[in-house]
>>> print(open('data_31.txt').read())   # compact mmCIF, C-alpha atoms
# COMPACT_ATOMS: atom_id res chain seq x y z
CA MET A 1 -24.92 -0.97 13.45
CA SER A 2 -22.99 0.16 16.52
CA THR A 3 -23.62 1.01 20.14
CA THR A 4 -22.77 4.55 21.20
CA VAL A 5 -22.47 5.84 24.74
CA THR A 6 -22.94 9.59 25.18
CA ILE A 7 -22.51 11.37 28.52
CA THR A 8 -25.42 13.80 28.66
CA GLY A 9 -24.37 15.32 31.96
CA THR A 10 -21.17 15.26 34.02
CA GLY A 11 -22.25 17.59 36.80
CA CYS A 12 -23.41 17.27 40.40
CA PRO A 13 -25.82 19.24 42.63
CA ILE A 14 -23.62 22.34 42.41
CA PRO A 15 -24.72 24.26 39.28
CA ASP A 16 -22.15 24.55 36.51
CA ALA A 17 -22.75 26.49 33.30
CA ASN A 18 -20.91 23.82 31.30
CA ARG A 19 -22.10 20.63 33.00
CA ALA A 20 -25.66 19.33 33.01
CA GLY A 21 -26.95 17.01 35.70
CA PRO A 22 -25.94 13.36 35.59
CA GLY A 23 -27.03 11.27 32.63
CA VAL A 24 -25.90 8.75 30.03
CA LEU A 25 -27.51 8.07 26.65
CA VAL A 26 -26.98 4.64 25.08
CA ARG A 27 -28.04 4.07 21.47
CA TYR A 28 -28.17 0.83 19.52
CA ASN A 29 -29.88 0.82 16.13
CA GLU A 30 -33.26 2.46 16.71
CA LEU A 31 -33.10 2.05 20.48
CA SER A 32 -32.34 5.11 22.64
CA MET A 33 -31.95 4.51 26.36
CA GLN A 34 -31.39 7.36 28.82
CA PHE A 35 -29.89 6.57 32.22
CA ASP A 36 -30.77 9.25 34.79
CA ALA A 37 -32.09 12.68 33.90
CA GLY A 38 -30.49 15.50 35.81
CA ARG A 39 -30.99 19.19 35.10
CA SER A 40 -30.75 20.24 31.42
CA THR A 41 -31.04 16.68 30.12
CA VAL A 42 -33.42 17.76 27.35
CA GLN A 43 -30.93 20.33 26.09
CA ARG A 44 -28.16 17.73 26.07
CA LEU A 45 -30.37 15.26 24.20
CA ALA A 46 -30.88 17.97 21.60
CA GLY A 47 -27.11 18.44 21.51
CA ALA A 48 -26.76 14.70 20.90
CA ASP A 49 -29.13 15.09 17.93
CA LEU A 50 -31.85 12.99 19.53
CA TRP A 51 -35.51 13.67 18.80
CA VAL A 52 -36.95 13.28 22.31
CA PRO A 53 -40.09 11.35 21.23
CA SER A 54 -37.76 8.69 19.83
CA LEU A 55 -36.58 7.79 23.34
CA THR A 56 -37.21 4.12 23.97
CA ALA A 57 -36.86 4.10 27.75
CA VAL A 58 -35.46 5.99 30.73
CA PHE A 59 -33.71 4.21 33.60
CA LEU A 60 -33.18 5.79 37.02
CA THR A 61 -30.40 4.81 39.41
CA HIS A 62 -31.81 6.41 42.57
CA TYR A 63 -33.94 9.17 43.99
CA HIS A 64 -31.55 12.07 44.40
CA SER A 65 -32.57 15.41 42.94
CA ASP A 66 -29.47 15.89 40.81
CA HIS A 67 -30.19 12.60 39.02
CA CYS A 68 -33.88 13.07 38.35
CA SER A 69 -34.77 16.78 38.45
CA GLY A 70 -34.85 16.86 34.64
CA LEU A 71 -37.19 13.89 34.30
CA ALA A 72 -40.45 15.85 34.18
CA ASP A 73 -38.95 17.98 31.42
CA VAL A 74 -38.09 14.82 29.49
CA ALA A 75 -41.59 13.38 29.93
CA LEU A 76 -43.40 16.60 28.99
CA THR A 77 -41.12 17.27 26.03
CA TYR A 78 -41.64 13.67 24.86
CA TRP A 79 -45.35 14.47 24.59
CA ILE A 80 -45.13 18.08 23.37
CA MET A 81 -42.78 17.17 20.50
CA ASP A 82 -44.87 14.20 19.35
CA ARG A 83 -46.18 15.50 16.03
CA THR A 84 -48.29 12.38 15.41
CA ASP A 85 -50.12 12.55 18.75
CA ALA A 86 -49.66 8.79 18.86
CA ALA A 87 -46.40 8.08 20.69
CA PRO A 88 -46.63 5.30 23.27
CA PRO A 89 -46.27 6.20 26.96
CA LEU A 90 -42.70 6.93 27.96
CA THR A 91 -41.20 3.85 29.59
CA ILE A 92 -39.43 4.60 32.87
CA VAL A 93 -37.62 1.78 34.66
CA ALA A 94 -36.83 2.43 38.32
CA PRO A 95 -36.04 0.61 41.55
CA GLU A 96 -39.02 0.06 43.83
CA GLY A 97 -39.54 2.38 46.75
CA GLU A 98 -38.63 6.06 46.89
CA THR A 99 -37.57 6.20 43.24
CA SER A 100 -40.60 4.47 41.73
CA ARG A 101 -42.96 6.49 43.95
CA TYR A 102 -41.39 9.68 42.65
CA VAL A 103 -41.92 8.59 39.05
CA GLU A 104 -45.54 7.59 39.63
CA SER A 105 -46.38 11.12 40.83
CA LEU A 106 -44.10 12.85 38.32
CA LEU A 107 -46.77 14.65 36.26
CA ALA A 108 -49.29 15.39 39.01
CA ASN A 109 -48.38 19.09 39.17
CA TRP A 110 -48.65 19.58 35.40
CA GLU A 111 -52.31 18.71 34.82
CA ASP A 112 -53.48 22.29 34.20
CA ASP A 113 -50.59 23.00 31.82
CA VAL A 114 -51.28 19.81 29.87
CA ALA A 115 -55.00 20.57 29.69
CA VAL A 116 -54.39 24.03 28.25
CA ARG A 117 -51.86 22.76 25.70
CA ALA A 118 -54.10 19.89 24.62
CA ALA A 119 -57.18 22.09 24.20
CA HIS A 120 -55.28 24.79 22.32
CA ALA A 121 -53.64 22.32 19.93
CA GLY A 122 -56.70 20.10 19.55
CA ARG A 123 -54.83 17.09 20.86
CA SER A 124 -56.56 13.95 22.04
CA SER A 125 -53.56 12.45 23.83
CA ARG A 126 -52.07 13.26 27.22
CA PRO A 127 -48.55 12.60 28.52
CA GLY A 128 -48.31 8.98 29.55
CA LEU A 129 -45.82 7.04 31.63
CA ASP A 130 -45.22 3.31 31.51
CA VAL A 131 -43.61 2.93 34.94
CA ARG A 132 -41.76 -0.34 35.45
CA PRO A 133 -40.56 -0.73 39.03
CA PHE A 134 -38.31 -3.60 40.03
CA ALA A 135 -37.15 -4.98 43.34
CA VAL A 136 -33.55 -4.07 44.05
CA PRO A 137 -31.68 -7.33 43.48
CA ASP A 138 -28.93 -8.83 45.60
CA HIS A 139 -27.00 -9.57 42.41
CA PRO A 140 -27.18 -8.10 38.87
CA THR A 141 -30.54 -9.07 37.39
CA GLU A 142 -32.20 -8.39 34.05
CA VAL A 143 -34.81 -5.61 34.25
CA TRP A 144 -35.44 -4.83 30.56
CA ARG A 145 -34.88 -6.51 27.19
CA ARG A 146 -35.52 -5.60 23.57
CA SER A 147 -34.87 -7.69 20.45
CA ASP A 148 -34.79 -6.85 16.77
CA ALA A 149 -33.39 -8.38 13.59
CA GLN A 150 -29.87 -7.27 14.53
CA GLY A 151 -29.88 -8.86 17.98
CA GLU A 152 -30.81 -8.35 21.62
CA VAL A 153 -30.20 -5.55 24.07
CA VAL A 154 -30.40 -6.51 27.73
CA VAL A 155 -30.30 -4.09 30.65
CA SER A 156 -29.50 -5.48 34.09
CA ALA A 157 -29.58 -3.69 37.44
CA GLY A 158 -27.41 -4.31 40.46
CA GLN A 159 -27.44 -2.74 43.90
CA VAL A 160 -24.68 -0.31 44.78
CA ARG A 161 -23.58 1.29 48.06
CA HIS A 162 -24.94 4.83 48.36
CA GLU A 163 -26.36 4.73 51.88
CA PRO A 164 -28.21 6.46 53.44
CA VAL A 165 -30.00 6.51 50.07
CA VAL A 166 -32.20 3.41 49.95
CA GLY A 167 -32.43 1.28 46.83
CA ALA A 168 -29.64 2.80 44.71
CA VAL A 169 -28.61 0.75 41.68
CA GLY A 170 -26.20 0.75 38.79
CA TYR A 171 -26.94 -0.65 35.34
CA ARG A 172 -25.25 -2.93 32.86
CA VAL A 173 -26.13 -2.84 29.16
CA ASP A 174 -25.27 -5.77 26.90
CA THR A 175 -25.65 -5.37 23.14
CA PRO A 176 -24.32 -7.34 20.15
CA ASP A 177 -21.42 -4.83 20.04
CA GLY A 178 -20.26 -5.29 23.61
CA SER A 179 -21.18 -4.21 27.11
CA LEU A 180 -20.98 -1.26 29.46
CA ALA A 181 -21.75 -0.52 33.08
CA ILE A 182 -23.02 2.71 34.62
CA THR A 183 -22.42 2.97 38.36
CA GLY A 184 -24.77 5.78 39.32
CA ASP A 185 -23.72 7.15 42.71
CA THR A 186 -21.84 4.71 44.91
CA LEU A 187 -18.85 3.90 46.99
CA VAL A 188 -16.25 1.73 45.28
CA CYS A 189 -17.56 -1.69 46.33
CA ASP A 190 -17.80 -5.36 45.45
CA GLU A 191 -21.30 -4.81 44.09
CA VAL A 192 -19.93 -2.52 41.36
CA ALA A 193 -17.27 -5.09 40.54
CA GLU A 194 -19.91 -7.77 40.08
CA LEU A 195 -21.97 -5.50 37.82
CA ALA A 196 -18.97 -4.44 35.72
CA THR A 197 -17.08 -7.72 35.29
CA GLY A 198 -16.19 -8.18 31.63
CA VAL A 199 -17.52 -4.86 30.33
CA ASP A 200 -15.85 -2.87 27.56
CA VAL A 201 -16.71 0.56 29.02
CA LEU A 202 -17.23 1.49 32.66
CA VAL A 203 -18.91 4.84 33.37
CA TYR A 204 -18.02 5.72 36.96
CA GLU A 205 -18.93 8.62 39.19
CA ALA A 206 -15.67 10.17 40.39
CA MET A 207 -14.69 12.25 43.40
CA ARG A 208 -11.18 13.33 44.34
CA PHE A 209 -11.14 12.65 48.07
CA ASP A 210 -7.80 14.46 48.43
CA TYR A 211 -9.61 17.68 47.52
CA PHE A 212 -11.92 17.30 50.51
CA ASP A 213 -8.97 17.01 52.87
CA THR A 214 -8.47 20.74 52.27
CA LEU A 215 -12.05 21.65 53.26
CA PRO A 216 -13.69 22.13 56.67
CA GLU A 217 -14.67 18.86 58.30
CA ARG A 218 -18.37 19.75 58.16
CA ARG A 219 -18.20 19.40 54.36
CA ARG A 220 -16.44 16.05 54.28
CA TYR A 221 -19.56 13.97 54.92
CA ILE A 222 -20.03 13.72 51.16
CA THR A 223 -17.09 11.30 50.95
CA GLU A 224 -19.11 8.77 52.94
CA TYR A 225 -21.15 7.68 49.92
CA HIS A 226 -19.19 8.54 46.77
CA ALA A 227 -16.36 6.92 44.82
CA ASP A 228 -12.74 7.94 45.42
CA THR A 229 -10.66 8.24 42.25
CA ARG A 230 -7.72 6.21 43.61
CA LEU A 231 -9.99 3.34 44.60
CA ILE A 232 -11.72 3.56 41.22
CA GLY A 233 -8.32 3.13 39.57
CA ARG A 234 -7.56 0.08 41.70
CA GLN A 235 -10.91 -1.55 40.95
CA ALA A 236 -10.77 -0.81 37.22
CA ALA A 237 -7.29 -2.33 37.13
CA GLU A 238 -8.51 -5.49 38.84
CA LEU A 239 -11.43 -5.73 36.41
CA GLU A 240 -9.15 -5.05 33.42
CA VAL A 241 -11.75 -2.71 31.93
CA PRO A 242 -10.46 -1.36 28.58
CA THR A 243 -12.09 2.09 28.88
CA LEU A 244 -12.96 4.03 32.02
CA VAL A 245 -15.17 7.12 31.67
CA LEU A 246 -15.33 9.46 34.68
CA THR A 247 -18.43 11.57 35.24
CA HIS A 248 -20.35 13.30 38.07
CA LEU A 249 -17.01 15.01 38.62
CA ILE A 250 -16.30 16.47 42.06
CA PRO A 251 -14.65 18.94 42.11
CA ALA A 252 -15.59 19.92 38.56
CA PRO A 253 -12.34 20.36 36.59
CA GLU A 254 -11.84 23.86 35.24
CA SER A 255 -8.37 23.52 33.68
CA ASP A 256 -6.03 21.01 32.10
CA THR A 257 -4.27 20.71 35.44
CA ASP A 258 -7.56 19.85 37.16
CA ARG A 259 -8.32 17.18 34.58
CA GLN A 260 -4.89 15.69 34.85
CA ALA A 261 -5.34 15.40 38.61
CA PHE A 262 -8.22 12.98 38.04
CA VAL A 263 -6.08 10.92 35.66
CA ASN A 264 -3.13 10.93 38.06
CA ASP A 265 -5.33 9.54 40.82
CA ILE A 266 -6.64 6.78 38.56
CA ARG A 267 -3.10 5.87 37.51
CA ALA A 268 -2.00 5.86 41.15
CA GLY A 269 -4.58 3.14 41.71
CA GLY A 270 -2.83 0.99 39.10
CA TYR A 271 -5.12 1.37 36.11
CA VAL A 272 -3.36 1.42 32.71
CA GLY A 273 -6.31 1.47 30.29
CA ASP A 274 -7.95 4.46 28.62
CA VAL A 275 -9.18 7.12 31.04
CA ILE A 276 -11.69 9.73 29.91
CA VAL A 277 -12.44 12.69 32.16
CA ALA A 278 -15.69 13.43 30.41
CA ASP A 279 -17.23 16.67 29.34
CA ASP A 280 -20.92 16.84 28.47
CA LEU A 281 -21.69 15.11 25.16
CA TYR A 282 -18.48 13.07 25.17
CA SER A 283 -19.27 9.92 23.16
CA VAL A 284 -17.62 6.53 22.75
CA THR A 285 -18.57 3.65 20.46
CA LEU A 286 -18.41 0.11 21.79
CA GLY A 287 -15.72 -1.85 20.00
CA GLN A 288 -14.12 1.34 18.71
CA GLN A 289 -12.88 2.91 21.94
CA GLN A 290 -10.03 5.31 21.48
CA SER A 291 -7.86 7.17 23.95
CA GLY A 292 -9.33 10.48 24.98
CA ASP A 293 -7.56 13.76 25.53
CA TRP A 294 -6.94 12.88 29.16
CA SER A 295 -6.00 9.21 28.86
CA ARG A 296 -2.30 9.55 29.71
>>> encode(input="data_31.txt", output="structure tokens")
Amino acid sequence: MSTTVTITGTGCPIPDANRAGPGVLVRYNELSMQFDAGRSTVQRLAGADLWVPSLTAVFLTHYHSDHCSGLADVALTYWIMDRTDAAPPLTIVAPEGETSRYVESLLANWEDDVAVRAAHAGRSSRPGLDVRPFAVPDHPTEVWRRSDAQGEVVVSAGQVRHEPVVGAVGYRVDTPDGSLAITGDTLVCDEVAELATGVDVLVYEAMRFDYFDTLPERRRYITEYHADTRLIGRQAAELEVPTLVLTHLIPAPESDTDRQAFVNDIRAGGYVGDVIVADDLYSVTLGQQQSGDWSR
């Protein structure tokens, strides 16, 4: 079997008809792991041909609306689509604090809706969440593991730099096919380097800081806690990551020229590997990475 990485959303808080909110789906054998759940995640999971009740677990990087506004939809759809009325509670792994508190109250406003649906359909079950909070570690630390006859999948979390957001993390996934890291939202920092050392695929949020130089100063605050494309290129070069996938794209590219600008910035940082400026539902298979349309 193989491990596939599918970008379920490449957008940001600004709505875009073609870009769902941030998210990454990782599949290995029968395991399906969703990292973050921004707006329209359920639609993108359908586009990835995933039956939502087959989700194994959801992992959140931090409590920012664009990364978790689609989570209630995922949880409710997980229950509504369960034809057996016997699916286990949806596992949600999240850093302690603001993020885990949000998850624990996720379904509180849906009690009347659930009651009506259950009574009408004669269902005995209710939506359930298996919330698994973890303390934000100083260094990458295992937070979830699953084994089967084909091998082990281990998910580790590591802190990243997204202040003033408290408790933001990125994730690393190790499978028998290889490894990948997902930064979530962050500055380019040593913590990301530690999380991503030795991975085959690095999924990085990407912002073109040069673009913000053209905007009024009152809008430039956003560069204080996001990752600049040129610095991403420098770090990816130092890490010698084979494949770099850019997501959470700011500004969202609307043309070939816009896409190429992201690549040019990465190359200016010294990176020579494969660069993917992702669209929603872009997918890569660990061990079988190939150059994307925007890799040169």
>>> closest_residue(input="data_31.txt", among="A:Asp185, A:Asp16, A:Glu104, A:Asp177", to="Glu254 of chain A", atoms="all atoms listed in the file")
A:Asp16
>>> closest_residue(input="data_31.txt", among="A:Thr243, A:Asn29, A:Thr61, A:Asn264", to="Val165 of chain A", atoms="only C-alpha atoms")
A:Thr61
>>> atom_distance(input="data_31.txt", atom1="atom CA of Ala227 of chain A", atom2="atom CA of Val153 of chain A")
27.9 Å
>>> atom_distance(input="data_31.txt", atom1="atom CA of Ala181 of chain A", atom2="atom CA of Val201 of chain A")
6.6 Å
>>> closest_atom_pairs(input="data_31.txt", of="segment 184-269 of chain A", to="segment 32-41 of chain A", cutoff="12 Å", atoms="all atoms listed in the file", output="tab-separated table")
residue	atom	partner	partner_atom	distance
A:Gly184	CA	A:Asp36	CA	8.3
A:Asp185	CA	A:Asp36	CA	10.8
A:Val203	CA	A:Phe35	CA	11.2
A:His248	CA	A:Gly38	CA	10.6
>>> closest_residue(input="data_31.txt", among="A:Val42, A:Ile250, A:Val166, A:Val241", to="Asp210 of chain A", atoms="only C-alpha atoms")
A:Ile250
>>> axis_aligned_box(input="data_31.txt", around="segment 117-120 of chain A", padding_each_side="5 Å", output="lines of an AutoDock Vina configuration file")
center_x = -54.5
center_y = 22.3
center_z = 24.0
size_x = 15.3
size_y = 14.9
size_z = 13.4
>>> residues_near_point(input="data_31.txt", point="(-7.4, 5.7, 41.6)", cutoff="12 Å", atoms="all atoms listed in the file", output="MDAnalysis selection string")
chainID A and resid 188 204 206:210 227:238 244 246 261:272 275
>>> write_last_selection(input="data_31.txt", atoms="C-alpha atoms", output="mmCIF file, in the frame of the given file")
data_model
loop_
_atom_site.group_PDB
_atom_site.id
_atom_site.type_symbol
_atom_site.label_atom_id
_atom_site.label_comp_id
_atom_site.auth_asym_id
_atom_site.auth_seq_id
_atom_site.Cartn_x
_atom_site.Cartn_y
_atom_site.Cartn_z
ATOM 1 C CA VAL A 188 -16.250 1.730 45.280
ATOM 2 C CA TYR A 204 -18.020 5.720 36.960
ATOM 3 C CA ALA A 206 -15.670 10.170 40.390
ATOM 4 C CA MET A 207 -14.690 12.250 43.400
ATOM 5 C CA ARG A 208 -11.180 13.330 44.340
ATOM 6 C CA PHE A 209 -11.140 12.650 48.070
ATOM 7 C CA ASP A 210 -7.800 14.460 48.430
ATOM 8 C CA ALA A 227 -16.360 6.920 44.820
ATOM 9 C CA ASP A 228 -12.740 7.940 45.420
ATOM 10 C CA THR A 229 -10.660 8.240 42.250
ATOM 11 C CA ARG A 230 -7.720 6.210 43.610
ATOM 12 C CA LEU A 231 -9.990 3.340 44.600
ATOM 13 C CA ILE A 232 -11.720 3.560 41.220
ATOM 14 C CA GLY A 233 -8.320 3.130 39.570
ATOM 15 C CA ARG A 234 -7.560 0.080 41.700
ATOM 16 C CA GLN A 235 -10.910 -1.550 40.950
ATOM 17 C CA ALA A 236 -10.770 -0.810 37.220
ATOM 18 C CA ALA A 237 -7.290 -2.330 37.130
ATOM 19 C CA GLU A 238 -8.510 -5.490 38.840
ATOM 20 C CA LEU A 244 -12.960 4.030 32.020
ATOM 21 C CA LEU A 246 -15.330 9.460 34.680
ATOM 22 C CA ALA A 261 -5.340 15.400 38.610
ATOM 23 C CA PHE A 262 -8.220 12.980 38.040
ATOM 24 C CA VAL A 263 -6.080 10.920 35.660
ATOM 25 C CA ASN A 264 -3.130 10.930 38.060
ATOM 26 C CA ASP A 265 -5.330 9.540 40.820
ATOM 27 C CA ILE A 266 -6.640 6.780 38.560
ATOM 28 C CA ARG A 267 -3.100 5.870 37.510
ATOM 29 C CA ALA A 268 -2.000 5.860 41.150
ATOM 30 C CA GLY A 269 -4.580 3.140 41.710
ATOM 31 C CA GLY A 270 -2.830 0.990 39.100
ATOM 32 C CA TYR A 271 -5.120 1.370 36.110
ATOM 33 C CA VAL A 272 -3.360 1.420 32.710
ATOM 34 C CA VAL A 275 -9.180 7.120 31.040
#
>>> atom_distance(input="data_31.txt", atom1="atom CA of Glu194 of chain A", atom2="atom CA of His139 of chain A")
7.7 Å
>>> residues_around(input="data_31.txt", residues="Asp113 of chain A", least_positions_apart="4", cutoff="12 Å", atoms="all atoms listed in the file", output="list in words")
Leu76, Ile80, Leu107, Ala108, Asn109, Arg117, Ala118, Ala119, His120, Arg126 and Pro127 of chain A
>>> write_last_selection(input="data_31.txt", atoms="C-alpha atoms", output="compact mmCIF listing (two decimals), keeping the file's coordinate frame")
# COMPACT_ATOMS: atom_id res chain seq x y z
CA LEU A 76 -43.40 16.60 28.99
CA ILE A 80 -45.13 18.08 23.37
CA LEU A 107 -46.77 14.65 36.26
CA ALA A 108 -49.29 15.39 39.01
CA ASN A 109 -48.38 19.09 39.17
CA ARG A 117 -51.86 22.76 25.70
CA ALA A 118 -54.10 19.89 24.62
CA ALA A 119 -57.18 22.09 24.20
CA HIS A 120 -55.28 24.79 22.32
CA ARG A 126 -52.07 13.26 27.22
CA PRO A 127 -48.55 12.60 28.52
>>> closest_residue(input="data_31.txt", among="A:Thr99, A:His62, A:Leu106, A:Asp112", to="Arg161 of chain A", atoms="all atoms listed in the file")
A:His62
>>> residues_around(input="data_31.txt", residues="Ile182 of chain A", least_positions_apart="6", cutoff="12 Å", atoms="only C-alpha atoms", output="ChimeraX atom specification")
/A:5-7,22-26,34-36,59-61,155-160,169-174,192-193,195-196,199-206,244-248
>>> closest_residue(input="data_31.txt", among="A:Cys189, A:Thr223, A:Ala86, A:Gly178", to="Gly151 of chain A", atoms="all atoms listed in the file")
A:Gly178
>>> closest_residue(input="data_31.txt", among="A:Cys12, A:Val143, A:Val131, A:Val154", to="His64 of chain A", atoms="all atoms listed in the file")
A:Cys12
>>> residues_near_point(input="data_31.txt", point="(-43.2, 6.1, 37.2)", cutoff="7 Å", atoms="all atoms listed in the file", output="mmCIF file with C-alpha atoms, in the frame of the given file")
data_model
loop_
_atom_site.group_PDB
_atom_site.id
_atom_site.type_symbol
_atom_site.label_atom_id
_atom_site.label_comp_id
_atom_site.auth_asym_id
_atom_site.auth_seq_id
_atom_site.Cartn_x
_atom_site.Cartn_y
_atom_site.Cartn_z
ATOM 1 C CA ILE A 92 -39.430 4.600 32.870
ATOM 2 C CA SER A 100 -40.600 4.470 41.730
ATOM 3 C CA ARG A 101 -42.960 6.490 43.950
ATOM 4 C CA TYR A 102 -41.390 9.680 42.650
ATOM 5 C CA VAL A 103 -41.920 8.590 39.050
ATOM 6 C CA GLU A 104 -45.540 7.590 39.630
ATOM 7 C CA SER A 105 -46.380 11.120 40.830
ATOM 8 C CA LEU A 106 -44.100 12.850 38.320
ATOM 9 C CA LEU A 129 -45.820 7.040 31.630
ATOM 10 C CA ASP A 130 -45.220 3.310 31.510
ATOM 11 C CA VAL A 131 -43.610 2.930 34.940
ATOM 12 C CA ARG A 132 -41.760 -0.340 35.450
#
>>> build_atoms(input="data_31.txt", residues="segment 21-41 of chain A", atoms="N, CA and C atoms", output="tab-separated table (two decimals), in the coordinates of the input")
chain	number	residue	atom	x	y	z
A	21	GLY	N	-26.83	18.03	34.67
A	21	GLY	CA	-26.95	17.01	35.70
A	21	GLY	C	-26.68	15.63	35.15
A	22	PRO	N	-26.40	14.67	36.02
A	22	PRO	CA	-25.94	13.36	35.59
A	22	PRO	C	-26.87	12.68	34.59
A	23	GLY	N	-26.26	12.04	33.60
A	23	GLY	CA	-27.03	11.27	32.63
A	23	GLY	C	-26.15	10.63	31.59
A	24	VAL	N	-26.61	9.50	31.07
A	24	VAL	CA	-25.90	8.75	30.03
A	24	VAL	C	-26.92	8.27	29.02
A	25	LEU	N	-26.66	8.52	27.75
A	25	LEU	CA	-27.51	8.07	26.65
A	25	LEU	C	-26.82	6.92	25.93
A	26	VAL	N	-27.51	5.80	25.80
A	26	VAL	CA	-26.98	4.64	25.08
A	26	VAL	C	-27.88	4.37	23.88
A	27	ARG	N	-27.27	4.31	22.70
A	27	ARG	CA	-28.04	4.07	21.47
A	27	ARG	C	-27.54	2.84	20.75
A	28	TYR	N	-28.47	2.00	20.35
A	28	TYR	CA	-28.17	0.83	19.52
A	28	TYR	C	-29.26	0.73	18.48
A	29	ASN	N	-28.90	0.80	17.20
A	29	ASN	CA	-29.88	0.82	16.13
A	29	ASN	C	-30.93	1.89	16.42
A	30	GLU	N	-32.19	1.49	16.47
A	30	GLU	CA	-33.26	2.46	16.71
A	30	GLU	C	-33.57	2.65	18.19
A	31	LEU	N	-32.85	1.94	19.05
A	31	LEU	CA	-33.10	2.05	20.48
A	31	LEU	C	-32.32	3.22	21.08
A	32	SER	N	-32.98	4.00	21.94
A	32	SER	CA	-32.34	5.11	22.64
A	32	SER	C	-32.71	5.02	24.11
A	33	MET	N	-31.72	4.75	24.93
A	33	MET	CA	-31.95	4.51	26.36
A	33	MET	C	-31.22	5.57	27.17
A	34	GLN	N	-31.96	6.31	27.99
A	34	GLN	CA	-31.39	7.36	28.82
A	34	GLN	C	-31.31	6.89	30.26
A	35	PHE	N	-30.10	6.98	30.84
A	35	PHE	CA	-29.89	6.57	32.22
A	35	PHE	C	-29.70	7.81	33.08
A	36	ASP	N	-30.67	8.05	33.95
A	36	ASP	CA	-30.77	9.25	34.79
A	36	ASP	C	-31.09	10.48	33.94
A	37	ALA	N	-31.64	11.47	34.61
A	37	ALA	CA	-32.09	12.68	33.90
A	37	ALA	C	-31.96	13.88	34.82
A	38	GLY	N	-30.74	14.32	35.01
A	38	GLY	CA	-30.49	15.50	35.81
A	38	GLY	C	-30.88	16.77	35.08
A	39	ARG	N	-30.62	17.91	35.70
A	39	ARG	CA	-30.99	19.19	35.10
A	39	ARG	C	-30.39	19.34	33.70
A	40	SER	N	-31.17	19.94	32.80
A	40	SER	CA	-30.75	20.24	31.42
A	40	SER	C	-30.58	19.01	30.55
A	41	THR	N	-31.15	17.87	30.95
A	41	THR	CA	-31.04	16.68	30.12
A	41	THR	C	-31.64	16.89	28.74
